[in-house]
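The structure file start26.csv is reproduced below (CSV, C-alpha atoms and all ligand atoms).
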```
chain,number,residue,atom,x,y,z
A,1,MET,CA,11.3,2.8,17.6
A,2,ARG,CA,11.4,2.9,13.9
A,3,LEU,CA,8.2,3.5,12.0
A,4,PHE,CA,7.1,2.2,8.6
A,5,ASP,CA,4.5,3.9,6.4
A,6,PRO,CA,3.6,1.2,3.9
A,7,HIS,CA,1.5,3.3,1.4
A,8,VAL,CA,2.6,6.8,0.4
A,9,HIS,CA,2.6,8.8,-2.9
A,10,MET,CA,5.6,11.0,-2.3
A,11,TYR,CA,5.6,11.9,-6.0
A,12,CYS,CA,3.1,14.6,-5.2
A,13,ARG,CA,4.5,15.7,-1.8
A,14,LEU,CA,6.9,18.4,-0.9
A,15,THR,CA,10.4,17.7,0.4
A,16,ASP,CA,9.3,19.2,3.8
A,17,ASP,CA,7.1,16.1,4.2
A,18,TYR,CA,10.2,13.9,4.0
A,19,GLU,CA,11.8,15.9,6.7
A,20,SER,CA,8.7,15.9,9.0
A,21,MET,CA,8.3,12.1,8.5
A,22,ALA,CA,12.0,11.5,9.3
A,23,LEU,CA,11.9,13.7,12.4
A,24,CYS,CA,8.9,11.6,13.6
A,25,GLY,CA,10.8,8.4,13.3
A,26,ILE,CA,9.7,7.1,9.9
A,27,THR,CA,12.6,5.3,8.3
A,28,THR,CA,10.9,3.2,5.7
A,29,LEU,CA,8.2,3.8,3.0
A,30,VAL,CA,6.5,1.9,0.2
A,31,GLU,CA,5.4,4.1,-2.7
A,32,PRO,CA,3.0,2.2,-4.9
A,33,ALA,CA,2.3,3.4,-8.4
A,34,PHE,CA,-1.0,5.3,-8.7
A,35,TRP,CA,-3.3,7.5,-10.8
A,36,LEU,CA,-1.7,10.8,-11.8
A,37,GLY,CA,-4.9,12.9,-11.9
A,38,THR,CA,-5.4,12.5,-15.7
A,39,GLU,CA,-5.7,9.4,-17.8
A,40,ARG,CA,-2.6,8.1,-19.3
A,41,THR,CA,-3.0,7.5,-23.0
A,42,HIS,CA,0.2,5.5,-23.8
A,43,PRO,CA,2.1,2.7,-22.0
A,44,GLU,CA,5.2,4.8,-22.2
A,45,SER,CA,3.6,7.4,-19.9
A,46,PHE,CA,3.6,4.6,-17.2
A,47,TYR,CA,7.2,3.6,-17.8
A,48,ASP,CA,8.4,7.2,-17.4
A,49,TYR,CA,6.5,7.5,-14.1
A,50,PHE,CA,7.8,4.1,-12.9
A,51,GLU,CA,11.3,5.4,-13.7
A,52,HIS,CA,10.6,8.5,-11.7
A,53,ILE,CA,9.4,6.8,-8.5
A,54,THR,CA,12.1,4.1,-8.6
A,55,VAL,CA,15.0,6.5,-9.1
A,56,PHE,CA,14.2,10.1,-8.3
A,57,GLU,CA,11.9,9.5,-5.3
A,58,GLN,CA,14.3,7.0,-3.8
A,59,LYS,CA,17.1,9.5,-3.9
A,60,ARG,CA,14.9,12.3,-2.5
A,61,ALA,CA,14.0,10.1,0.5
A,62,ALA,CA,17.6,9.0,1.1
A,63,LYS,CA,18.6,12.6,1.7
A,64,TYR,CA,16.4,12.4,4.9
A,65,GLY,CA,17.7,8.9,5.9
A,66,ILE,CA,14.5,7.2,4.7
A,67,ASN,CA,14.5,3.9,2.8
A,68,HIS,CA,12.1,4.2,-0.1
A,69,TYR,CA,10.7,1.1,-1.8
A,70,GLN,CA,8.2,0.9,-4.6
A,71,CYS,CA,5.4,-1.1,-6.1
A,72,ILE,CA,4.8,-1.2,-9.9
A,73,GLY,CA,1.4,-1.6,-11.4
A,74,VAL,CA,-1.6,-0.2,-13.3
A,75,ASN,CA,-4.0,1.4,-10.8
A,76,PRO,CA,-7.8,0.7,-11.0
A,77,LYS,CA,-8.6,4.1,-12.5
A,78,ASP,CA,-6.3,3.6,-15.4
A,79,ALA,CA,-7.0,-0.1,-15.7
A,80,GLU,CA,-10.5,0.8,-17.1
A,81,ASN,CA,-8.8,1.5,-20.5
A,82,LEU,CA,-7.7,-2.0,-21.5
A,83,GLU,CA,-6.1,-0.7,-24.8
A,84,VAL,CA,-3.4,0.9,-22.6
A,85,THR,CA,-3.5,-1.5,-19.6
A,86,LEU,CA,-2.8,-4.8,-21.4
A,87,PRO,CA,0.3,-3.7,-23.3
A,88,THR,CA,1.6,-1.9,-20.2
A,89,LEU,CA,1.3,-5.1,-18.1
A,90,GLU,CA,3.7,-6.7,-20.5
A,91,GLY,CA,6.0,-3.8,-21.0
A,92,MET,CA,6.4,-3.0,-17.3
A,93,ARG,CA,7.9,-6.4,-16.3
A,94,HIS,CA,11.5,-5.3,-16.4
A,95,PHE,CA,10.9,-2.9,-13.5
A,96,PHE,CA,10.4,-5.8,-11.2
A,97,ASP,CA,14.1,-6.6,-11.6
A,98,ARG,CA,15.0,-3.5,-9.7
A,99,PRO,CA,16.1,-4.2,-6.1
A,100,SER,CA,14.0,-1.5,-4.6
A,101,VAL,CA,10.7,-2.8,-6.2
A,102,VAL,CA,9.0,-4.9,-3.5
A,103,GLY,CA,5.6,-5.6,-5.0
A,104,VAL,CA,2.8,-5.1,-7.5
A,105,GLY,CA,0.5,-2.2,-6.9
A,106,GLU,CA,-1.5,-0.4,-6.4
A,107,ILE,CA,-4.1,-2.5,-8.1
A,108,GLY,CA,-7.7,-3.1,-7.2
A,109,LEU,CA,-11.1,-1.6,-7.9
A,110,ASN,CA,-12.4,2.0,-8.2
A,111,GLU,CA,-15.9,1.7,-9.7
A,112,ASN,CA,-16.2,-2.1,-9.6
A,113,THR,CA,-16.3,-2.6,-13.4
A,114,ALA,CA,-15.5,-5.7,-15.5
A,115,ASN,CA,-12.4,-4.0,-17.0
A,116,GLU,CA,-11.1,-3.1,-13.6
A,117,MET,CA,-11.5,-6.8,-12.6
A,118,ILE,CA,-9.5,-7.9,-15.6
A,119,GLY,CA,-6.6,-5.5,-14.6
A,120,LEU,CA,-6.8,-6.7,-11.0
A,121,GLU,CA,-6.9,-10.5,-11.8
A,122,LYS,CA,-4.0,-10.2,-14.2
A,123,GLN,CA,-1.8,-8.3,-11.8
A,124,LEU,CA,-2.6,-10.6,-8.8
A,125,GLU,CA,-1.5,-13.4,-11.1
A,126,LEU,CA,1.7,-11.5,-11.9
A,127,SER,CA,2.3,-11.0,-8.2
A,128,GLN,CA,1.9,-14.8,-7.5
A,129,GLU,CA,4.1,-15.6,-10.5
A,130,LEU,CA,6.9,-13.2,-9.3
A,131,LYS,CA,6.4,-14.2,-5.6
A,132,LEU,CA,6.2,-10.5,-4.8
A,133,PRO,CA,3.5,-8.9,-2.5
A,134,ALA,CA,0.5,-7.1,-4.0
A,135,LEU,CA,-1.1,-4.0,-2.7
A,136,VAL,CA,-4.9,-3.9,-3.5
A,137,HIS,CA,-6.8,-0.7,-3.3
A,138,THR,CA,-10.5,-0.9,-2.4
A,139,PRO,CA,-13.1,1.6,-3.8
A,140,HIS,CA,-14.2,4.6,-1.8
A,141,VAL,CA,-17.7,4.4,-3.3
A,142,ASP,CA,-19.8,1.3,-3.1
A,143,LYS,CA,-17.0,-0.1,-1.0
A,144,ARG,CA,-18.7,-3.2,0.4
A,145,THR,CA,-19.6,-4.4,-3.1
A,146,GLY,CA,-16.0,-3.8,-4.3
A,147,VAL,CA,-14.4,-5.6,-1.4
A,148,GLN,CA,-16.8,-8.5,-1.8
A,149,MET,CA,-15.8,-8.8,-5.5
A,150,ILE,CA,-12.1,-8.8,-4.6
A,151,ALA,CA,-12.8,-11.4,-1.9
A,152,ASP,CA,-14.8,-13.6,-4.3
A,153,LEU,CA,-12.0,-13.5,-6.8
A,154,ILE,CA,-9.4,-14.5,-4.2
A,155,LYS,CA,-11.6,-17.3,-2.9
A,156,SER,CA,-12.0,-18.7,-6.5
A,157,LYS,CA,-8.2,-19.1,-6.8
A,158,SER,CA,-5.6,-21.1,-5.0
A,159,TRP,CA,-3.2,-18.3,-4.5
A,160,ASN,CA,-0.8,-17.7,-1.7
A,161,ASN,CA,-2.9,-15.1,0.2
A,162,ASP,CA,0.0,-14.2,2.4
A,163,LEU,CA,1.2,-12.1,-0.6
A,164,ILE,CA,-2.0,-10.0,-0.7
A,165,LEU,CA,-2.5,-6.8,1.2
A,166,ILE,CA,-6.1,-5.4,0.9
A,167,ASP,CA,-6.0,-1.7,1.8
A,168,HIS,CA,-8.3,1.1,2.9
A,169,ILE,CA,-10.3,-1.4,5.0
A,170,THR,CA,-12.8,0.1,7.5
A,171,GLU,CA,-15.2,-1.2,10.1
A,172,GLU,CA,-17.7,-1.6,7.2
A,173,THR,CA,-15.6,-4.0,5.3
A,174,ILE,CA,-13.2,-5.8,7.7
A,175,ASP,CA,-15.5,-8.8,8.2
A,176,ILE,CA,-15.3,-9.6,4.5
A,177,VAL,CA,-11.5,-9.9,4.4
A,178,ARG,CA,-10.5,-11.0,7.9
A,179,ASP,CA,-10.9,-14.8,7.3
A,180,LEU,CA,-9.2,-14.8,3.8
A,181,GLY,CA,-5.7,-15.1,5.2
A,182,VAL,CA,-4.8,-11.8,3.5
A,183,TRP,CA,-3.1,-8.8,5.1
A,184,VAL,CA,-5.3,-5.8,6.1
A,185,GLY,CA,-4.3,-2.2,5.6
A,186,MET,CA,-6.0,0.8,7.2
A,187,THR,CA,-5.6,4.3,6.0
A,188,VAL,CA,-5.7,7.3,8.3
A,189,TYR,CA,-6.9,10.5,6.6
A,190,PRO,CA,-7.7,13.8,8.2
A,191,ASN,CA,-11.3,14.0,7.1
A,192,THR,CA,-12.3,10.9,5.2
A,193,LYS,CA,-11.3,7.2,5.7
A,194,LEU,CA,-10.2,6.5,9.3
A,195,SER,CA,-9.1,8.7,12.2
A,196,PRO,CA,-6.2,7.4,14.4
A,197,GLN,CA,-8.8,6.5,17.1
A,198,ARG,CA,-10.8,4.3,14.7
A,199,ALA,CA,-7.7,2.6,13.2
A,200,VAL,CA,-6.3,1.8,16.7
A,201,ALA,CA,-9.7,0.6,17.9
A,202,MET,CA,-9.8,-1.8,14.9
A,203,PHE,CA,-6.3,-3.0,15.6
A,204,GLU,CA,-7.4,-3.7,19.2
A,205,ARG,CA,-10.6,-5.5,18.1
A,206,TYR,CA,-9.3,-7.5,15.2
A,207,GLY,CA,-5.5,-7.5,15.5
A,208,PRO,CA,-2.6,-7.9,15.9
A,209,GLU,CA,-2.1,-10.5,13.2
A,210,LYS,CA,-1.6,-9.2,9.6
A,211,MET,CA,-2.8,-5.6,10.3
A,212,MET,CA,-1.0,-2.4,9.5
A,213,VAL,CA,-1.7,1.3,9.2
A,214,ASN,CA,-0.7,3.9,6.5
A,215,SER,CA,-1.2,7.5,5.5
A,216,SER,CA,-1.7,7.0,1.7
A,217,VAL,CA,-0.5,10.6,1.3
A,218,ASP,CA,-1.2,12.0,-2.1
A,219,TRP,CA,-2.1,15.5,-3.5
A,220,GLY,CA,-5.5,15.5,-1.6
A,221,GLU,CA,-6.2,16.2,2.0
A,222,SER,CA,-3.9,13.7,3.6
A,223,ASP,CA,-1.4,13.6,6.5
A,224,PRO,CA,2.2,12.4,6.2
A,225,LEU,CA,2.2,12.0,10.0
A,226,SER,CA,-0.8,9.6,10.2
A,227,VAL,CA,1.4,6.7,11.4
A,228,PRO,CA,3.2,8.7,14.1
A,229,LYS,CA,-0.1,10.1,15.2
A,230,CYS,CA,-1.4,6.5,15.7
A,231,VAL,CA,1.8,5.8,17.8
A,232,ARG,CA,1.1,8.9,19.9
A,233,LEU,CA,-2.5,7.8,20.6
A,234,MET,CA,-1.4,4.3,21.5
A,235,ARG,CA,1.1,5.6,24.0
A,236,MET,CA,-1.6,7.8,25.5
A,237,GLU,CA,-3.9,4.8,25.7
A,238,GLY,CA,-1.2,2.8,27.5
A,239,TRP,CA,-0.3,0.2,24.8
A,240,THR,CA,3.0,-1.5,25.3
A,241,GLU,CA,5.9,-0.5,23.1
A,242,SER,CA,6.0,-4.1,21.8
A,243,ASP,CA,2.3,-4.0,20.7
A,244,ILE,CA,2.8,-0.5,19.1
A,245,GLU,CA,5.9,-1.8,17.3
A,246,ARG,CA,4.0,-4.7,15.9
A,247,PHE,CA,1.4,-2.4,14.3
A,248,VAL,CA,3.8,0.2,12.8
A,249,TRP,CA,7.0,-1.8,12.2
A,250,ARG,CA,7.1,-5.6,12.5
A,251,ASN,CA,3.9,-6.3,10.6
A,252,PRO,CA,4.7,-4.2,7.6
A,253,ILE,CA,8.3,-5.5,7.6
A,254,GLU,CA,7.0,-9.1,7.7
A,255,PHE,CA,4.6,-8.4,4.8
A,256,TRP,CA,6.9,-6.5,2.5
A,257,GLY,CA,9.9,-8.6,3.6
A,258,GLN,CA,8.4,-11.5,1.6
A,259,SER,CA,9.9,-9.7,-1.4
A,260,GLY,CA,13.3,-10.6,0.0
A,261,ARG,CA,14.3,-7.0,-0.9
A,262,LEU,CA,14.1,-5.1,2.4
A,263,SER,CA,17.3,-4.2,4.1
A,264,GLU,CA,15.4,-3.9,7.4
A,265,THR,CA,14.5,-6.8,9.7
A,266,PRO,CA,11.6,-7.2,12.2
A,267,ASP,CA,14.0,-7.2,15.1
A,268,MET,CA,15.6,-3.9,14.2
A,269,PRO,CA,14.8,-1.3,16.9
B,301,ZN,ZN,-2.6,4.9,-3.0
```

As C-alpha cells, the full file:
Amino acid sequence: MRLFDPHVHMYCRLTDDYESMALCGITTLVEPAFWLGTERTHPESFYDYFEHITVFEQKRAAKYGINHYQCIGVNPKDAENLEVTLPTLEGMRHFFDRPSVVGVGEIGLNENTANEMIGLEKQLELSQELKLPALVHTPHVDKRTGVQMIADLIKSKSWNNDLILIDHITEETIDIVRDLGVWVGMTVYPNTKLSPQRAVAMFERYGPEKMMVNSSVDWGESDPLSVPKCVRLMRMEGWTESDIERFVWRNPIEFWGQSGRLSETPDMP
C-alpha cells in the first residue's frame, strides 16, 4: 500500500527523513508554504522561498522515489502584516502555473485577528478562482474560536467547499466543521496535537468521508512517520486494508487530485 502525507514542511527536515518516509511506504507528499521562523519583510522573500520548495525540495524528494507537490500561499503568521501580504498575493500568482503546485496554502488563522481574516478570505477566493484546493491552518491557541470564525466565513459564501481542507482538527473542533462539506485534516504530533490513537478513533467515529491524517513535520517536535504509525495501529486494531487505504491514500488523492495535477490515481496500489 502506498501512503500519502498531505502536510509536511520538508524545507526544515534532514534528508534522512526522506529516506525513512520512503522506507515506510510514503510515496507522495504535499508541502504547503509556511512561516519560516522570522517575519518576512518583503514579498521577494516569499518568492525565493516558493522557488525553493517547488524546485529544490521536489528534486530532493525524487531521489528517494517520493512525488513532492506544493501549495503556495501566505501563512497566517505572516498574513498579519498586510503591507507585505497584499502585494505578495498579487506577485505570487505565476507560481500556480507550475505543474507540481496543487493548491493554495497554508492559509488560515493564528491569533484570530482581523488582518489574518483578510489574508484568509482573499486566498480562499483565489483558490476558488483557480479551482485549486486550499489548505487551511487552524490556531493552536483559542482554537474553537478560530475554527468557528473560519466556519462562519465559509457559511457566508457560496464557495465550492469540496476544495477546502481544514487542518489540525481535534475532538474539540470537529463538530464545527463536519457539516460544512469541507475536508478534515488531523495532525499527529509526538506531544501536542493528536496521538495515532486519537486520530484513528476520530476516523472511526466521524469517518471515513473526507478525512485524512498528516504529520505536519517542521523544525519543532514532530514525527515524519506519523502516517505510517497510524497504519501500524490500524493493522493492530484489525482494520481492513481497504479502510486503512481510504484514510492514508484514497482520501488525500481524491482531495488533492481536484487540482488535476497528481500523477497518482485512487486505484493505484
Ligand atoms: Zn504546516

| message | Could you list, as number ranges by chain, all protein and nucleic acid residues with an atom at most 8 Å from ligand ZN 301 (chain B), counting only C-alpha atoms and all ligand atoms? | response | A: 7-9, 32-34, 106, 137, 216-218

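If you measure from each of A:Ile176, A:Met186, A:Ala151, A:Val30 to Pro133 of chain A using only C-alpha atoms, the closest one turns out to be A:Val30.
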
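The spacing separating atom CA of Cys12 of chain A from atom CA of Ile26 of chain A amounts to 18.1 Å.
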
Could you produce a table of the residues of segment 88-179 of chain A lying within 10 Å of segment 58-69 of chain A, with the nearest pair of atoms per residue and their separation in Å rounded to one decimal, using only C-alpha atoms, ordered by chain and increasing residue number, as a tab-separated table?
```
residue	atom	partner	partner_atom	distance
A:Pro99	CA	A:Tyr69	CA	8.7
A:Ser100	CA	A:Tyr69	CA	5.0
A:Val101	CA	A:Tyr69	CA	5.9
A:Val102	CA	A:Tyr69	CA	6.5
A:Gly103	CA	A:Tyr69	CA	9.0
```

Using the selection just defined, write its residues with C-alpha atoms as a PDB file, keeping the file's coordinate frame.
```pdb
ATOM      1  CA  PRO A  99      16.100  -4.200  -6.100  1.00  0.00           C
ATOM      2  CA  SER A 100      14.000  -1.500  -4.600  1.00  0.00           C
ATOM      3  CA  VAL A 101      10.700  -2.800  -6.200  1.00  0.00           C
ATOM      4  CA  VAL A 102       9.000  -4.900  -3.500  1.00  0.00           C
ATOM      5  CA  GLY A 103       5.600  -5.600  -5.000  1.00  0.00           C
TER       6      GLY A 103
END
```

| task | Provide the atom CA of Phe203 of chain A to atom CA of Ile72 of chain A distance in Å, to one decimal place. | result |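 It comes out at 27.9 Å.
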
| message | Between atom CA of Glu111 of chain A and atom CA of Leu225 of chain A, what distance in Å does the model show, to one decimal? | response |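 Separation of atom CA of Glu111 of chain A and atom CA of Leu225 of chain A: 28.7 Å.
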
| said: Is it possible to get the residues within 12 Å of (-4.2, -10.4, -12.7) (coordinates as in the file, counting only C-alpha atoms) written as number ranges by chain? | reply: A: 73-76, 79, 85-86, 89-90, 104-105, 107-108, 115-130, 134, 136, 150, 153-154, 157, 159

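Distance check against Arg93 of chain A using all atoms listed in the file: of A:Phe247, A:Met268, A:Phe46, A:Asp5, the minimum falls on A:Phe46.
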
| request: Can you work out which one of A:Glu264, A:Trp239, A:Tyr206, A:Pro224 has the shortest atom-to-atom distance to Leu14 of chain A, counting all atoms listed in the file? | output: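 Checking each candidate against Leu14 of chain A, we get A:Pro224 as the closest.
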
| request: Give as a list of chain:residue names each residue that has an atom at most 12 Å from (-6.6, 9.0, 17.2) in the file, counting all atoms listed in the file. | output: A:Val188, A:Tyr189, A:Pro190, A:Leu194, A:Ser195, A:Pro196, A:Gln197, A:Arg198, A:Ala199, A:Val200, A:Ala201, A:Met202, A:Leu225, A:Ser226, A:Val227, A:Pro228, A:Lys229, A:Cys230, A:Val231, A:Arg232, A:Leu233, A:Met234, A:Arg235, A:Met236, A:Glu237
